[in-house]
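Structure file data06.csv with CSV, C-alpha atoms and all ligand atoms:
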chain,number,residue,atom,x,y,z
M,1,MET,CA,28.1,20.5,72.9
M,2,ASN,CA,31.1,22.6,71.8
M,3,GLU,CA,32.3,19.7,69.7
M,4,MET,CA,29.4,20.4,67.4
M,5,ARG,CA,31.5,23.0,65.6
M,6,GLY,CA,33.6,20.5,63.7
M,7,VAL,CA,30.7,18.5,62.4
M,8,ILE,CA,28.2,21.0,61.2
M,9,ARG,CA,28.3,21.2,57.4
M,10,GLY,CA,26.4,24.3,56.4
M,11,GLU,CA,24.7,27.5,57.4
M,12,ILE,CA,22.3,25.8,59.9
M,13,GLY,CA,24.1,25.5,63.1
M,14,LYS,CA,27.2,27.6,62.2
M,15,ASN,CA,26.2,29.8,65.0
M,16,ILE,CA,25.0,28.0,68.1
M,17,ILE,CA,23.9,29.6,71.4
M,18,TYR,CA,23.9,27.5,74.6
M,19,PRO,CA,21.9,29.2,77.3
M,20,GLY,CA,22.0,26.3,79.7
M,21,VAL,CA,18.6,26.8,81.3
M,22,VAL,CA,16.0,28.9,79.4
M,23,ASP,CA,12.2,29.3,79.6
M,24,SER,CA,11.8,28.1,76.0
M,25,THR,CA,14.4,27.9,73.2
M,26,ASN,CA,11.8,29.1,70.8
M,27,ASN,CA,11.4,32.3,72.8
M,28,LEU,CA,15.1,33.0,72.8
M,29,ALA,CA,15.4,32.2,69.1
M,30,LEU,CA,12.5,34.5,68.3
M,31,GLU,CA,14.1,37.3,70.4
M,32,LEU,CA,17.5,36.7,68.6
M,33,GLY,CA,15.7,36.8,65.3
M,34,GLU,CA,14.1,40.2,66.2
M,35,LYS,CA,17.6,41.5,67.1
M,36,GLY,CA,19.0,40.5,63.7
M,37,ALA,CA,20.6,37.1,64.3
M,38,ALA,CA,21.7,35.3,61.2
M,39,HIS,CA,19.7,32.7,59.3
M,40,GLY,CA,20.7,29.3,60.7
M,41,THR,CA,21.4,30.4,64.2
M,42,VAL,CA,20.5,27.6,66.6
M,43,VAL,CA,19.6,27.7,70.3
M,44,ILE,CA,20.3,24.5,72.3
M,45,ALA,CA,19.3,24.3,76.0
M,46,ASP,CA,20.0,21.7,78.7
M,47,GLN,CA,16.7,22.4,80.4
M,48,GLN,CA,13.5,24.4,79.7
M,49,THR,CA,11.4,25.9,82.5
M,50,LYS,CA,8.5,26.7,80.1
M,51,GLY,CA,8.9,24.4,77.2
M,52,ARG,CA,5.8,24.6,74.9
M,53,GLY,CA,4.2,22.2,72.6
M,54,ARG,CA,1.5,22.7,70.0
M,55,LEU,CA,-2.0,24.0,71.0
M,56,GLY,CA,-0.7,25.6,74.2
M,57,ARG,CA,0.5,22.4,75.8
M,58,VAL,CA,3.5,22.0,78.1
M,59,TRP,CA,6.6,20.3,76.7
M,60,VAL,CA,8.2,18.5,79.7
M,61,SER,CA,11.9,19.5,79.6
M,62,PRO,CA,14.0,17.9,82.4
M,63,PRO,CA,17.7,18.8,82.7
M,64,GLY,CA,20.6,16.9,81.1
M,65,VAL,CA,18.8,14.2,79.2
M,66,ASN,CA,17.0,15.4,76.1
M,67,ILE,CA,17.3,17.7,73.1
M,68,TYR,CA,15.6,21.1,73.3
M,69,MET,CA,16.7,23.0,70.2
M,70,SER,CA,15.3,25.9,68.1
M,71,VAL,CA,16.5,26.8,64.6
M,72,LEU,CA,16.1,30.4,63.3
M,73,LEU,CA,15.4,30.5,59.6
M,74,LYS,CA,15.0,33.6,57.5
M,75,PRO,CA,12.8,32.1,54.8
M,76,GLN,CA,11.5,33.8,51.6
M,77,PHE,CA,8.2,31.9,51.5
M,78,SER,CA,4.6,32.8,51.6
M,79,PRO,CA,2.7,32.5,54.9
M,80,ARG,CA,0.9,29.5,53.5
M,81,ASP,CA,4.2,27.6,53.6
M,82,ALA,CA,4.6,27.6,57.4
M,83,MET,CA,3.3,24.1,57.6
M,84,LEU,CA,5.8,23.0,55.0
M,85,LEU,CA,8.6,24.0,57.3
M,86,THR,CA,7.3,21.6,60.0
M,87,VAL,CA,7.1,18.9,57.3
M,88,MET,CA,10.7,19.6,56.2
M,89,ALA,CA,11.9,19.5,59.9
M,90,GLY,CA,10.0,16.3,60.5
M,91,VAL,CA,11.8,14.7,57.6
M,92,ALA,CA,15.2,15.9,58.8
M,93,CYS,CA,14.6,14.7,62.4
M,94,CYS,CA,13.2,11.4,61.4
M,95,ARG,CA,16.1,10.6,59.0
M,96,ALA,CA,18.7,11.6,61.6
M,97,LEU,CA,17.1,9.6,64.5
M,98,ARG,CA,16.8,6.5,62.2
M,99,ASP,CA,20.3,6.9,61.1
M,100,ILE,CA,21.9,7.2,64.6
M,101,SER,CA,19.6,4.8,66.5
M,102,GLY,CA,18.6,2.3,63.9
M,103,LEU,CA,15.1,2.4,65.4
M,104,ILE,CA,12.0,2.7,63.2
M,105,VAL,CA,11.0,6.3,63.8
M,106,MET,CA,7.8,7.4,61.9
M,107,LEU,CA,6.2,10.7,61.2
M,108,LYS,CA,2.6,11.5,62.2
M,109,TRP,CA,1.0,14.7,60.8
M,110,PRO,CA,1.5,17.5,61.6
M,111,ASN,CA,4.5,17.4,63.9
M,112,ASP,CA,5.0,14.1,65.8
M,113,LEU,CA,7.9,11.7,65.7
M,114,LEU,CA,6.8,8.3,66.9
M,115,ILE,CA,8.3,4.9,67.7
M,116,SER,CA,5.8,2.1,68.0
M,117,ASP,CA,3.0,4.7,68.2
M,118,ARG,CA,4.5,6.5,71.2
M,119,LYS,CA,5.8,10.0,70.9
M,120,VAL,CA,9.6,10.4,71.0
M,121,GLY,CA,9.7,14.0,69.7
M,122,GLY,CA,7.8,16.9,68.4
M,123,ILE,CA,8.2,20.1,66.4
M,124,LEU,CA,6.8,23.5,67.0
M,125,THR,CA,7.2,26.0,64.2
M,126,GLU,CA,6.5,29.7,65.0
M,127,THR,CA,6.6,32.3,62.3
M,128,LYS,CA,6.7,36.1,61.8
M,129,PHE,CA,5.3,37.9,58.7
M,130,SER,CA,5.5,41.3,57.2
M,131,GLY,CA,2.8,42.0,54.6
M,132,ASN,CA,2.5,38.9,52.5
M,133,MET,CA,6.0,37.4,53.2
M,134,MET,CA,7.2,35.2,56.0
M,135,HIS,CA,10.5,36.7,57.2
M,136,THR,CA,11.3,34.7,60.3
M,137,ALA,CA,10.6,31.2,61.3
M,138,VAL,CA,11.7,29.4,64.4
M,139,VAL,CA,11.6,25.6,64.2
M,140,GLY,CA,11.6,24.2,67.7
M,141,ILE,CA,12.6,20.6,68.1
M,142,GLY,CA,12.1,18.5,71.3
M,143,ILE,CA,13.5,14.9,71.3
M,144,ASN,CA,13.2,12.5,74.2
M,145,VAL,CA,16.7,11.1,74.1
M,146,ASN,CA,17.9,9.6,77.4
M,147,THR,CA,14.9,10.2,79.7
M,148,GLU,CA,13.6,7.5,81.9
M,149,LEU,CA,9.9,7.4,81.5
M,150,THR,CA,9.5,7.8,85.2
M,151,GLU,CA,10.7,11.4,84.8
M,152,PHE,CA,7.5,12.2,83.0
M,153,PRO,CA,4.2,13.0,84.7
M,154,ALA,CA,1.7,10.0,84.4
M,155,ASP,CA,-0.4,11.5,81.5
M,156,VAL,CA,2.7,12.0,79.4
M,157,ARG,CA,4.2,8.7,80.4
M,158,ALA,CA,1.2,6.9,78.9
M,159,ILE,CA,1.9,8.2,75.4
M,160,ALA,CA,5.6,9.1,75.3
M,161,THR,CA,8.8,7.2,74.9
M,162,SER,CA,12.5,8.0,74.6
M,163,LEU,CA,15.3,6.6,72.4
M,164,ARG,CA,16.9,5.1,75.5
M,165,ASN,CA,13.6,3.5,76.6
M,166,GLU,CA,13.3,1.9,73.1
M,167,SER,CA,16.8,0.5,72.9
M,168,ASN,CA,18.3,0.2,76.4
M,169,ARG,CA,21.2,2.4,75.6
M,170,GLU,CA,22.2,6.0,76.0
M,171,TYR,CA,22.8,8.4,73.1
M,172,SER,CA,25.1,11.4,72.7
M,173,ARG,CA,22.8,14.4,72.4
M,174,THR,CA,25.6,16.2,70.5
M,175,THR,CA,25.8,13.6,67.8
M,176,LEU,CA,22.0,13.5,67.4
M,177,ALA,CA,21.7,17.3,67.3
M,178,ALA,CA,24.4,17.6,64.8
M,179,ALA,CA,22.8,14.9,62.6
M,180,ILE,CA,19.5,16.7,62.7
M,181,LEU,CA,21.0,20.1,61.8
M,182,ASN,CA,22.9,18.6,58.9
M,183,GLU,CA,19.8,16.9,57.6
M,184,MET,CA,17.9,20.2,58.0
M,185,GLU,CA,20.5,21.9,55.9
M,186,THR,CA,19.9,19.4,53.1
M,187,TRP,CA,16.1,19.5,53.2
M,188,TYR,CA,15.7,23.2,53.8
M,189,ASP,CA,18.0,23.8,50.8
M,190,MET,CA,15.8,21.5,48.8
M,191,LEU,CA,12.8,23.7,49.7
M,192,ARG,CA,14.6,26.9,48.9
M,193,ARG,CA,15.4,25.5,45.4
M,194,GLY,CA,11.8,24.7,44.7
M,195,GLY,CA,12.0,21.0,45.7
M,196,ARG,CA,8.8,20.9,47.7
M,197,ALA,CA,7.7,17.7,45.9
M,198,GLU,CA,10.9,16.0,46.9
M,199,VAL,CA,10.4,17.0,50.6
M,200,CYS,CA,6.7,15.9,50.5
M,201,ASN,CA,7.7,12.6,48.9
M,202,GLU,CA,10.3,11.9,51.6
M,203,TRP,CA,7.6,12.7,54.2
M,204,ARG,CA,5.2,10.2,52.7
M,205,ARG,CA,7.9,7.5,52.7
M,206,LEU,CA,8.6,8.1,56.4
M,207,SER,CA,5.0,8.6,57.5
M,208,LEU,CA,2.7,6.0,59.0
M,209,MET,CA,-0.4,7.8,58.0
M,210,ILE,CA,-1.3,7.6,54.4
M,211,GLY,CA,-4.2,5.2,53.8
M,212,ARG,CA,-5.1,5.0,57.5
M,213,ALA,CA,-8.4,5.8,59.0
M,214,VAL,CA,-8.1,9.0,61.0
M,215,GLU,CA,-10.1,11.4,63.1
M,216,VAL,CA,-9.2,15.1,63.3
M,217,ALA,CA,-10.9,17.9,65.1
M,218,ASP,CA,-10.5,21.6,64.2
M,219,ASP,CA,-12.2,24.4,66.2
M,220,LYS,CA,-15.5,23.7,64.7
M,221,GLU,CA,-15.9,20.0,63.8
M,222,VAL,CA,-14.7,16.5,64.2
M,223,TYR,CA,-14.0,14.7,60.9
M,224,ARG,CA,-13.4,11.0,60.2
M,225,GLY,CA,-12.0,9.6,57.0
M,226,ILE,CA,-9.0,8.2,55.3
M,227,ALA,CA,-5.7,10.1,55.3
M,228,GLU,CA,-5.2,10.4,51.5
M,229,ASP,CA,-2.0,12.5,51.2
M,230,ILE,CA,-0.4,15.8,52.1
M,231,ASP,CA,-0.4,18.6,49.5
M,232,GLU,CA,2.5,20.7,48.6
M,233,GLU,CA,1.9,23.1,51.4
M,234,GLY,CA,2.1,20.3,53.9
M,235,GLN,CA,-1.6,20.2,54.6
M,236,LEU,CA,-3.4,16.9,55.2
M,237,LEU,CA,-6.0,15.7,52.7
M,238,ILE,CA,-8.7,13.5,54.2
M,239,LYS,CA,-11.2,11.6,52.2
M,240,LEU,CA,-14.6,11.6,53.9
M,241,PRO,CA,-17.1,8.7,53.7
M,242,THR,CA,-19.1,10.9,51.3
M,243,GLY,CA,-16.2,10.8,48.8
M,244,SER,CA,-15.3,14.5,49.2
M,245,VAL,CA,-11.8,15.4,50.2
M,246,ILE,CA,-11.1,18.0,52.8
M,247,THR,CA,-7.9,19.9,53.5
M,248,ILE,CA,-6.8,20.2,57.1
M,249,ASN,CA,-4.1,22.6,58.3
M,250,THR,CA,-4.4,22.4,62.0
M,251,GLY,CA,-5.9,20.3,64.8
M,252,ASP,CA,-5.3,17.1,66.7
M,253,LEU,CA,-5.2,13.9,64.8
M,254,ILE,CA,-5.9,10.4,66.0
M,255,ILE,CA,-5.1,7.3,63.9
M,256,LEU,CA,-8.0,5.0,64.3
M,257,ARG,CA,-6.6,1.8,62.7
M,301,LIG,C1,4.7,19.3,70.1
M,301,LIG,O1,4.8,18.1,69.8
M,301,LIG,O2,3.6,19.7,70.6
M,301,LIG,C2,5.8,20.2,69.8
M,301,LIG,C3,6.9,20.1,70.9
M,301,LIG,C4,8.0,21.1,70.6
M,301,LIG,C5,9.0,21.1,71.8
M,301,LIG,C6,10.2,21.9,71.5
M,301,LIG,S1,11.5,21.8,72.7
M,301,LIG,C7,12.4,23.0,71.9
M,301,LIG,C8,11.4,24.1,71.5
M,301,LIG,N1,11.1,25.0,72.6
M,301,LIG,C9,9.9,24.9,73.0
M,301,LIG,O3,9.4,25.6,74.0
M,301,LIG,N2,9.2,24.0,72.3
M,301,LIG,C10,10.0,23.4,71.3
Entire entry expressed as structure tokens:
Amino acid sequence: MNEMRGVIRGEIGKNIIYPGVVDSTNNLALELGEKGAAHGTVVIADQQTKGRGRLGRVWVSPPGVNIYMSVLLKPQFSPRDAMLLTVMAGVACCRALRDISGLIVMLKWPNDLLISDRKVGGILTETKFSGNMMHTAVVGIGINVNTELTEFPADVRAIATSLRNESNREYSRTTLAAAILNEMETWYDMLRRGGRAEVCNEWRRLSLMIGRAVEVADDKEVYRGIAEDIDEEGQLLIKLPTGSVITINTGDLIILR
């Protein structure tokens, strides 16, 4: 991965830490953030022993085949914008994976990267606040690159895929990771300059959700309706059969048809 140095264009990825094996790259990036590491510091591991997904799930992280990467950001955004960072990172990953693989990679709210409705990657954003400002965000990115599906446990195998599984070829993780980081530089910078509408527009273009019937559950209720849009904080707007529109900012989403 050392050859990344020559291909990184901006601040994101200028400083890269390679721990080899780590519990979770998000943990290490959060720790480094506490110790004063610079904005744009990136942790890339070969294997994770306690990779995490959203909602307390395990992220299966076998050695030598996939991307496990966390980007430390020092944003000046309000806490309400945490979701927008996941949307921004989704756009960056989706564009990079499409560009390098030529495959039709799509975004599913809030954090999934899909190919033919199977999960090829996911994003886990974790944030720290002081008062009313977000001062640290770690955007964790897991991409199934060269894994054979047999390496996954049966429950994951049923819903997951890898780039290799979709195209019968192997990919350079370095090339992919560098492409993701360069895309993130562009789209994060767009956010920083007030371009949230541009980021959300690109998300809409790459998403398979808008106009589809969906079901989403939060801690209290299950809602069914039509995914109308995302708002400029990255939250999902769902139109219920009653005609009212609700805003969802967490939960598990199923696309019904
Ligand atoms: C999800 O889809 O639930 C999010 C998955 C995020 C996985 C990545 S792998 C790198 C980083 N470190 C972690 O422990 N999780 C994220």
Quiz item: Can you tell me, as a ChimeraX atom specification, what residues are no more than 12 Å from M:Val21 when counting all atoms listed in the file, ignoring any on the same chain fewer than 4 positions away?
Solution: /M:17,25,28,43-51,61-64,68-69
Exercise. Find the residues around M:Ala197 up to 12 Å (only C-alpha atoms counted), leave out those fewer than 2 positions away in its own chain, and share them as a VMD selection string.
Key: chain M and resid 84 87 to 88 187 190 to 195 199 to 204 230 to 234
Quiz item: Please, which residues have at least one atom within 7 Å of an atom of ligand LIG 301 (chain M), using only C-alpha atoms and all ligand atoms, listed as an MDAnalysis selection string?
Solution: chainID M and resid 24:26 50:54 57 59 68:70 111:112 121:124 140:142
Quiz item: To one decimal place, how far is atom CA of M:Val91 from atom CA of M:Ala227 in Å?
Solution: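 Spanning atom CA of M:Val91 to atom CA of M:Ala227 is a straight-line distance of 18.2 Å.
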Quiz item: Mind listing as a VMD selection string all residues within 8 Å of (-15.7, 9.2, 62.0), counting all atoms listed in the file?
Solution: chain M and resid 214 to 215 222 to 225
Practice problem: Using atom CA of M:Leu114 and atom CA of M:Glu221 as the two end points, give the distance in Å to one decimal. | Solution: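 These atoms are spaced 25.7 Å apart.
For the pair atom CA of M:Ile159 and atom CA of M:Arg257, the interatomic distance is 16.6 Å.
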Quick one: contact table of stretch 40-68 of chain M to stretch 168-181 of chain M, 8 Å max, nearest atom pair and distance in Å to one decimal per residue, counting only C-alpha atoms, chain and number order, as CSV?
residue,atom,partner,partner_atom,distance
M:Val65,CA,M:Arg173,CA,7.9
M:Asn66,CA,M:Arg173,CA,7.0
M:Ile67,CA,M:Arg173,CA,6.5
Exercise. Please check which residues have atoms at most 10 Å from (18.5, 32.3, 59.8) in the file's coordinates, counting only C-alpha atoms, and write them as JSON, numbers by chain.
Key: {"M": [11, 12, 13, 15, 29, 32, 33, 36, 37, 38, 39, 40, 41, 42, 71, 72, 73, 74, 75, 135, 136, 137, 138]}
All file atoms of stretch 80-90 of chain M boxed axis-aligned, 4 Å per side, centre plus edges, as lines of an AutoDock Vina configuration file:
center_x = 6.4
center_y = 22.9
center_z = 57.0
size_x = 19.0
size_y = 21.2
size_z = 15.0
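Using only C-alpha atoms for every distance, the candidate list M:Glu198, M:Met133, M:Trp109, M:Asp252 yields M:Trp109 as the residue closest to M:Ile210.
Minimum distance to M:Glu185 across M:Val58, M:Ala82, M:Ala158, M:Ala92 (counting only C-alpha atoms) occurs at M:Ala92.
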Quiz item: Residues at most 7 Å from M:Cys94, counting all atoms listed in the file, excluding those fewer than 5 positions away in the same chain, as a list in words?
Solution: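 Near neighbours after the sequence-gap exclusion: Val105, Met106 and Leu113 of chain M.
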